[in-house]
Structure formats: C-alpha cells, structure tokens
>>> print(open('target25.cif').read())   # mmCIF, N, CA and C atoms
data_protein
#
loop_
_atom_site.label_atom_id
_atom_site.label_comp_id
_atom_site.auth_asym_id
_atom_site.auth_seq_id
_atom_site.Cartn_x
_atom_site.Cartn_y
_atom_site.Cartn_z
N MET A 1 -0.47 21.87 5.37
CA MET A 1 -1.02 21.58 4.07
C MET A 1 -0.47 22.56 3.05
N LYS A 2 -0.20 22.05 1.90
CA LYS A 2 0.35 22.88 0.84
C LYS A 2 -0.70 23.08 -0.23
N ASP A 3 -0.84 24.30 -0.69
CA ASP A 3 -1.80 24.59 -1.75
C ASP A 3 -1.21 24.24 -3.09
N GLN A 4 -2.03 23.74 -3.96
CA GLN A 4 -1.61 23.42 -5.31
C GLN A 4 -2.41 24.32 -6.24
N LYS A 5 -1.71 25.07 -7.09
CA LYS A 5 -2.40 25.98 -7.99
C LYS A 5 -2.50 25.34 -9.37
N VAL A 6 -3.67 25.45 -9.94
CA VAL A 6 -3.92 24.92 -11.27
C VAL A 6 -4.42 26.06 -12.13
N ASP A 7 -3.73 26.32 -13.23
CA ASP A 7 -4.14 27.38 -14.14
C ASP A 7 -5.02 26.79 -15.23
N LYS A 8 -6.14 27.42 -15.49
CA LYS A 8 -7.02 27.01 -16.59
C LYS A 8 -7.32 28.25 -17.41
N PHE A 9 -7.28 28.08 -18.70
CA PHE A 9 -7.56 29.19 -19.59
C PHE A 9 -8.84 28.91 -20.36
N PHE A 10 -9.66 29.89 -20.44
CA PHE A 10 -10.91 29.78 -21.17
C PHE A 10 -10.91 30.79 -22.30
N LEU A 11 -11.37 30.37 -23.45
CA LEU A 11 -11.44 31.23 -24.61
C LEU A 11 -12.87 31.74 -24.71
N ASN A 12 -13.09 32.99 -24.35
CA ASN A 12 -14.43 33.57 -24.34
C ASN A 12 -14.52 34.71 -25.35
N PRO A 13 -15.61 34.75 -26.12
CA PRO A 13 -15.77 35.89 -27.03
C PRO A 13 -15.99 37.16 -26.22
N ILE A 14 -15.24 38.19 -26.56
CA ILE A 14 -15.34 39.44 -25.83
C ILE A 14 -16.23 40.44 -26.58
N PHE A 15 -16.02 40.57 -27.86
CA PHE A 15 -16.86 41.50 -28.63
C PHE A 15 -16.79 41.11 -30.11
N SER A 16 -17.75 41.61 -30.88
CA SER A 16 -17.77 41.35 -32.33
C SER A 16 -16.93 42.39 -33.04
N THR A 17 -16.26 41.94 -34.10
CA THR A 17 -15.46 42.86 -34.89
C THR A 17 -16.33 43.48 -35.97
N GLU A 18 -15.79 44.50 -36.67
CA GLU A 18 -16.54 45.21 -37.70
C GLU A 18 -16.92 44.30 -38.87
N ASP A 19 -16.09 43.30 -39.16
CA ASP A 19 -16.39 42.43 -40.31
C ASP A 19 -17.31 41.27 -39.94
N GLY A 20 -17.89 41.29 -38.74
CA GLY A 20 -18.84 40.26 -38.34
C GLY A 20 -18.23 39.11 -37.57
N GLY A 21 -16.91 39.10 -37.47
CA GLY A 21 -16.26 38.03 -36.70
C GLY A 21 -16.26 38.36 -35.22
N GLU A 22 -15.70 37.47 -34.46
CA GLU A 22 -15.61 37.69 -33.02
C GLU A 22 -14.15 37.80 -32.62
N ASP A 23 -13.89 38.68 -31.68
CA ASP A 23 -12.55 38.81 -31.15
C ASP A 23 -12.52 38.06 -29.81
N TYR A 24 -11.48 37.28 -29.61
CA TYR A 24 -11.38 36.47 -28.40
C TYR A 24 -10.26 36.98 -27.51
N GLN A 25 -10.48 36.82 -26.22
CA GLN A 25 -9.47 37.20 -25.25
C GLN A 25 -9.39 36.08 -24.21
N TYR A 26 -8.21 35.80 -23.78
CA TYR A 26 -8.03 34.77 -22.76
C TYR A 26 -8.32 35.32 -21.38
N GLU A 27 -9.03 34.51 -20.61
CA GLU A 27 -9.24 34.84 -19.22
C GLU A 27 -8.60 33.73 -18.40
N GLU A 28 -7.87 34.10 -17.38
CA GLU A 28 -7.19 33.12 -16.55
C GLU A 28 -7.97 32.90 -15.27
N GLU A 29 -8.17 31.64 -14.92
CA GLU A 29 -8.84 31.31 -13.67
C GLU A 29 -7.89 30.41 -12.89
N VAL A 30 -7.55 30.83 -11.69
CA VAL A 30 -6.65 30.05 -10.86
C VAL A 30 -7.49 29.31 -9.82
N ILE A 31 -7.34 28.00 -9.80
CA ILE A 31 -8.08 27.18 -8.85
C ILE A 31 -7.09 26.66 -7.82
N THR A 32 -7.37 26.90 -6.56
CA THR A 32 -6.50 26.46 -5.49
C THR A 32 -7.14 25.24 -4.82
N GLN A 33 -6.38 24.17 -4.75
CA GLN A 33 -6.87 22.95 -4.11
C GLN A 33 -5.98 22.66 -2.90
N GLU A 34 -6.61 22.32 -1.78
CA GLU A 34 -5.85 21.96 -0.59
C GLU A 34 -5.64 20.46 -0.59
N ARG A 35 -4.46 20.07 -0.21
CA ARG A 35 -4.18 18.65 -0.07
C ARG A 35 -4.63 18.22 1.32
N VAL A 36 -5.29 17.11 1.37
CA VAL A 36 -5.80 16.61 2.64
C VAL A 36 -4.79 15.61 3.21
N LYS A 37 -4.40 15.83 4.45
CA LYS A 37 -3.48 14.92 5.12
C LYS A 37 -4.24 13.73 5.67
N ARG A 38 -3.58 12.60 5.70
CA ARG A 38 -4.17 11.43 6.36
C ARG A 38 -4.18 11.69 7.86
N PRO A 39 -5.23 11.24 8.54
CA PRO A 39 -5.28 11.46 9.99
C PRO A 39 -4.23 10.61 10.70
N LYS A 40 -3.81 11.07 11.86
CA LYS A 40 -2.91 10.27 12.68
C LYS A 40 -3.66 9.03 13.15
N MET A 41 -2.94 7.94 13.24
CA MET A 41 -3.55 6.69 13.65
C MET A 41 -3.07 6.32 15.06
N TYR A 42 -3.94 5.63 15.78
CA TYR A 42 -3.67 5.28 17.17
C TYR A 42 -3.89 3.79 17.40
N LYS A 43 -2.97 3.18 18.17
CA LYS A 43 -3.08 1.78 18.53
C LYS A 43 -3.91 1.68 19.81
N VAL A 44 -4.89 0.77 19.80
CA VAL A 44 -5.64 0.49 21.02
C VAL A 44 -4.97 -0.72 21.66
N LEU A 45 -4.63 -0.58 22.94
CA LEU A 45 -3.88 -1.60 23.66
C LEU A 45 -4.68 -2.16 24.83
N LEU A 46 -4.57 -3.47 25.04
CA LEU A 46 -5.06 -4.09 26.27
C LEU A 46 -3.85 -4.42 27.12
N HIS A 47 -3.98 -4.22 28.44
CA HIS A 47 -2.87 -4.46 29.37
C HIS A 47 -3.20 -5.63 30.27
N ASN A 48 -2.19 -6.41 30.55
CA ASN A 48 -2.36 -7.60 31.40
C ASN A 48 -2.57 -7.20 32.86
N ASP A 49 -3.36 -7.99 33.55
CA ASP A 49 -3.49 -7.87 35.00
C ASP A 49 -3.70 -9.28 35.55
N ASP A 50 -3.65 -9.41 36.85
CA ASP A 50 -3.74 -10.74 37.47
C ASP A 50 -5.17 -11.19 37.75
N TYR A 51 -6.16 -10.38 37.43
CA TYR A 51 -7.52 -10.69 37.85
C TYR A 51 -8.50 -10.91 36.69
N THR A 52 -8.32 -10.24 35.59
CA THR A 52 -9.24 -10.38 34.46
C THR A 52 -9.04 -11.74 33.80
N THR A 53 -10.13 -12.43 33.58
CA THR A 53 -10.04 -13.77 33.00
C THR A 53 -9.70 -13.71 31.51
N MET A 54 -9.05 -14.76 31.04
CA MET A 54 -8.71 -14.84 29.62
C MET A 54 -9.97 -14.88 28.77
N GLU A 55 -11.01 -15.52 29.28
CA GLU A 55 -12.28 -15.61 28.54
C GLU A 55 -12.89 -14.23 28.35
N PHE A 56 -12.81 -13.38 29.38
CA PHE A 56 -13.37 -12.03 29.27
C PHE A 56 -12.59 -11.21 28.24
N VAL A 57 -11.26 -11.33 28.25
CA VAL A 57 -10.44 -10.59 27.28
C VAL A 57 -10.79 -11.04 25.86
N THR A 58 -10.95 -12.34 25.67
CA THR A 58 -11.33 -12.86 24.35
C THR A 58 -12.70 -12.33 23.94
N HIS A 59 -13.63 -12.29 24.88
CA HIS A 59 -14.97 -11.76 24.61
C HIS A 59 -14.91 -10.30 24.17
N VAL A 60 -14.10 -9.50 24.87
CA VAL A 60 -13.95 -8.08 24.53
C VAL A 60 -13.40 -7.92 23.11
N LEU A 61 -12.39 -8.70 22.78
CA LEU A 61 -11.78 -8.61 21.45
C LEU A 61 -12.76 -8.99 20.34
N GLU A 62 -13.58 -9.97 20.59
CA GLU A 62 -14.58 -10.37 19.59
C GLU A 62 -15.70 -9.33 19.47
N LYS A 63 -16.13 -8.80 20.62
CA LYS A 63 -17.28 -7.88 20.61
C LYS A 63 -16.93 -6.48 20.09
N TYR A 64 -15.84 -5.89 20.57
CA TYR A 64 -15.54 -4.50 20.24
C TYR A 64 -14.55 -4.33 19.10
N PHE A 65 -13.75 -5.36 18.84
CA PHE A 65 -12.73 -5.23 17.80
C PHE A 65 -12.99 -6.17 16.63
N PHE A 66 -14.10 -6.89 16.69
CA PHE A 66 -14.56 -7.76 15.60
C PHE A 66 -13.50 -8.77 15.17
N LYS A 67 -12.84 -9.34 16.15
CA LYS A 67 -11.84 -10.36 15.88
C LYS A 67 -12.51 -11.73 15.84
N THR A 68 -11.94 -12.62 15.04
CA THR A 68 -12.41 -14.00 15.02
C THR A 68 -11.96 -14.65 16.34
N PRO A 69 -12.55 -15.77 16.71
CA PRO A 69 -12.10 -16.43 17.95
C PRO A 69 -10.60 -16.75 17.93
N GLU A 70 -10.07 -17.13 16.79
CA GLU A 70 -8.65 -17.44 16.68
C GLU A 70 -7.79 -16.19 16.86
N GLN A 71 -8.18 -15.09 16.21
CA GLN A 71 -7.45 -13.84 16.35
C GLN A 71 -7.52 -13.34 17.79
N ALA A 72 -8.71 -13.43 18.38
CA ALA A 72 -8.89 -12.97 19.76
C ALA A 72 -8.01 -13.77 20.71
N GLN A 73 -7.93 -15.07 20.50
CA GLN A 73 -7.09 -15.90 21.37
C GLN A 73 -5.62 -15.55 21.21
N ASP A 74 -5.18 -15.30 19.97
CA ASP A 74 -3.78 -14.91 19.74
C ASP A 74 -3.44 -13.60 20.45
N ILE A 75 -4.32 -12.61 20.33
CA ILE A 75 -4.08 -11.31 20.97
C ILE A 75 -4.11 -11.47 22.49
N MET A 76 -5.07 -12.25 22.99
CA MET A 76 -5.18 -12.47 24.43
C MET A 76 -3.91 -13.12 24.97
N LEU A 77 -3.35 -14.09 24.25
CA LEU A 77 -2.11 -14.74 24.69
C LEU A 77 -0.93 -13.77 24.64
N THR A 78 -0.92 -12.87 23.66
CA THR A 78 0.12 -11.84 23.60
C THR A 78 0.01 -10.91 24.81
N VAL A 79 -1.20 -10.50 25.14
CA VAL A 79 -1.41 -9.66 26.33
C VAL A 79 -0.93 -10.39 27.57
N HIS A 80 -1.27 -11.67 27.68
CA HIS A 80 -0.92 -12.46 28.86
C HIS A 80 0.59 -12.65 28.99
N SER A 81 1.27 -12.91 27.86
CA SER A 81 2.70 -13.22 27.92
C SER A 81 3.61 -11.99 27.87
N GLU A 82 3.19 -10.96 27.13
CA GLU A 82 4.05 -9.79 26.94
C GLU A 82 3.63 -8.57 27.76
N GLY A 83 2.48 -8.65 28.40
CA GLY A 83 2.04 -7.54 29.24
C GLY A 83 1.05 -6.61 28.57
N GLN A 84 1.06 -6.58 27.25
CA GLN A 84 0.08 -5.78 26.50
C GLN A 84 0.00 -6.30 25.08
N GLY A 85 -1.10 -5.96 24.42
CA GLY A 85 -1.28 -6.38 23.03
C GLY A 85 -2.09 -5.37 22.27
N VAL A 86 -1.84 -5.28 20.97
CA VAL A 86 -2.55 -4.33 20.10
C VAL A 86 -3.85 -4.98 19.63
N CYS A 87 -4.96 -4.27 19.88
CA CYS A 87 -6.28 -4.76 19.47
C CYS A 87 -6.64 -4.28 18.07
N GLY A 88 -6.14 -3.12 17.70
CA GLY A 88 -6.45 -2.53 16.40
C GLY A 88 -5.83 -1.16 16.29
N ILE A 89 -5.86 -0.61 15.07
CA ILE A 89 -5.31 0.71 14.80
C ILE A 89 -6.41 1.55 14.16
N TYR A 90 -6.69 2.71 14.78
CA TYR A 90 -7.83 3.53 14.39
C TYR A 90 -7.48 5.01 14.43
N THR A 91 -8.39 5.83 13.92
CA THR A 91 -8.26 7.27 14.09
C THR A 91 -8.48 7.61 15.57
N PHE A 92 -8.14 8.83 15.97
CA PHE A 92 -8.21 9.21 17.38
C PHE A 92 -9.59 8.97 17.99
N GLU A 93 -10.63 9.45 17.31
CA GLU A 93 -11.98 9.36 17.88
C GLU A 93 -12.43 7.92 18.05
N VAL A 94 -12.12 7.08 17.08
CA VAL A 94 -12.52 5.67 17.16
C VAL A 94 -11.73 4.97 18.26
N ALA A 95 -10.43 5.23 18.34
CA ALA A 95 -9.60 4.61 19.38
C ALA A 95 -10.07 5.03 20.77
N GLU A 96 -10.38 6.29 20.94
CA GLU A 96 -10.86 6.80 22.23
C GLU A 96 -12.18 6.14 22.62
N THR A 97 -13.08 6.00 21.66
CA THR A 97 -14.38 5.39 21.93
C THR A 97 -14.23 3.93 22.30
N LYS A 98 -13.42 3.19 21.55
CA LYS A 98 -13.23 1.76 21.83
C LYS A 98 -12.60 1.55 23.21
N ALA A 99 -11.61 2.35 23.56
CA ALA A 99 -10.98 2.23 24.87
C ALA A 99 -11.99 2.50 25.98
N ALA A 100 -12.83 3.49 25.80
CA ALA A 100 -13.86 3.81 26.81
C ALA A 100 -14.90 2.69 26.91
N GLN A 101 -15.31 2.13 25.77
CA GLN A 101 -16.29 1.03 25.79
C GLN A 101 -15.74 -0.19 26.53
N VAL A 102 -14.50 -0.53 26.24
CA VAL A 102 -13.89 -1.70 26.88
C VAL A 102 -13.76 -1.46 28.39
N THR A 103 -13.30 -0.29 28.77
CA THR A 103 -13.14 0.03 30.19
C THR A 103 -14.48 -0.02 30.91
N ARG A 104 -15.51 0.54 30.29
CA ARG A 104 -16.84 0.53 30.91
C ARG A 104 -17.35 -0.90 31.10
N LEU A 105 -17.22 -1.74 30.06
CA LEU A 105 -17.68 -3.12 30.16
C LEU A 105 -16.90 -3.88 31.24
N ALA A 106 -15.60 -3.66 31.30
CA ALA A 106 -14.79 -4.33 32.31
C ALA A 106 -15.23 -3.95 33.71
N ARG A 107 -15.47 -2.66 33.95
CA ARG A 107 -15.89 -2.21 35.28
C ARG A 107 -17.28 -2.75 35.63
N GLU A 108 -18.17 -2.78 34.65
CA GLU A 108 -19.52 -3.32 34.90
C GLU A 108 -19.48 -4.79 35.29
N ASN A 109 -18.46 -5.50 34.81
CA ASN A 109 -18.33 -6.92 35.10
C ASN A 109 -17.31 -7.21 36.21
N GLY A 110 -16.83 -6.17 36.88
CA GLY A 110 -15.95 -6.33 38.02
C GLY A 110 -14.51 -6.69 37.67
N HIS A 111 -14.07 -6.33 36.47
CA HIS A 111 -12.69 -6.62 36.06
C HIS A 111 -11.87 -5.33 36.03
N PRO A 112 -10.60 -5.40 36.45
CA PRO A 112 -9.73 -4.21 36.41
C PRO A 112 -8.99 -4.06 35.08
N LEU A 113 -9.48 -4.66 34.02
CA LEU A 113 -8.82 -4.63 32.72
C LEU A 113 -8.56 -3.19 32.29
N LYS A 114 -7.34 -2.95 31.88
CA LYS A 114 -6.95 -1.60 31.40
C LYS A 114 -6.85 -1.61 29.89
N CYS A 115 -7.50 -0.64 29.28
CA CYS A 115 -7.44 -0.46 27.82
C CYS A 115 -7.02 0.97 27.57
N SER A 116 -5.98 1.15 26.76
CA SER A 116 -5.48 2.48 26.46
C SER A 116 -5.24 2.60 24.95
N PHE A 117 -4.83 3.80 24.53
CA PHE A 117 -4.47 3.99 23.13
C PHE A 117 -3.30 4.95 23.06
N GLU A 118 -2.47 4.78 22.04
CA GLU A 118 -1.32 5.65 21.86
C GLU A 118 -1.09 5.85 20.37
N GLU A 119 -0.43 6.95 20.05
CA GLU A 119 -0.16 7.27 18.65
C GLU A 119 0.77 6.22 18.05
N GLU A 120 0.46 5.86 16.83
CA GLU A 120 1.26 4.84 16.15
C GLU A 120 2.58 5.39 15.69
#
>>> encode(input="target25.cif", output="structure tokens")
Amino acid sequence: MKDQKVDKFFLNPIFSTEDGGEDYQYEEEVITQERVKRPKMYKVLLHNDDYTTMEFVTHVLEKYFFKTPEQAQDIMLTVHSEGQGVCGIYTFEVAETKAAQVTRLARENGHPLKCSFEEE
C-alpha cells in the first residue's frame, strides 16, 4: 500500500497586533491516507465424478450459489463435459465457506462430489 499525503493549510489568528488587528500565521497539517487494495478473488470449482447425480449438482448450485435452474443446468453440464466448472468468484473467506458447505452436504447425502477453490 502506498501512502498519499495531502497538505492542508489553515489560517488561524495567532495574536492581536497593537493597532487592534490580528496577525495570522499558517499552520500546516499533513493528512496521510492509506489506499485500500481490492481483496484477491477466488473461483469456487465443482469437479466431475462418476457417482454424483446431475440433479444433486444442480441442487447444490441453486442452494449455495443462488443460481437459477437454467444457470445451474449450464454449469452442471460444463462440469460433466469438461471435468470441472466455476460456480462463482468470491473473496477467500466466502470461497472457503462455500466449498466446505458443499462438501459437507455431499458427504451427508453419500456423494463423493469434490468442491475446491483457487485464486483467480
């Protein structure tokens, strides 16, 4: 991260002069602002296997990735034909959570479905 310095000058009365006026002096205030980097993004992937049903994969995509039935079917067919498919792109914590949720649901239902995530 790179700091950005911004100079601001304020005109403040310092003391009164003998003729009743005010004498002014500049005071400098330096404000340092940090630039915030965008977080790294991660792709959540589903991997094809010979045992998990297409209906279950579609269900997972609709439930955890909020895909429409049409989008879920397209991703499921990509997983089936190409070996893997991208379910969504998220920050690290969200991607990790979604992969864990999908894996847990698959195991609870007796499916060996693999869900992983990788940096985009």
>>> resolve_selection(input="target25.cif", expression="the PyMOL selection byres (((chain A and resi 43-60 and name CA) around 7) and name CA)", output="PyMOL selection string")
chain A and resi 41-42+61-64+72-73+76+79-80+83-90+95+99+102+111-120
>>> select_by_dssp(input="target25.cif", residues="segment 42-85 of chain A", states="strand (DSSP E or B)", output="PyMOL selection string")
chain A and resi 42-47+84-85
>>> atom_distance(input="target25.cif", atom1="atom N of Ala106 of chain A", atom2="atom C of Glu70 of chain A")
20.7 Å
>>> axis_aligned_box(input="target25.cif", around="segment 41-45 of chain A", padding_each_side="4 Å", output="AutoDock Vina command-line options")
--center_x -4.3 --center_y 2.9 --center_z 19.0 --size_x 10.7 --size_y 18.1 --size_z 19.6
>>> atom_distance(input="target25.cif", atom1="atom C of Thr91 of chain A", atom2="atom C of Arg38 of chain A")
9.7 Å
>>> atom_distance(input="target25.cif", atom1="atom C of Phe92 of chain A", atom2="atom N of Lys40 of chain A")
8.7 Å
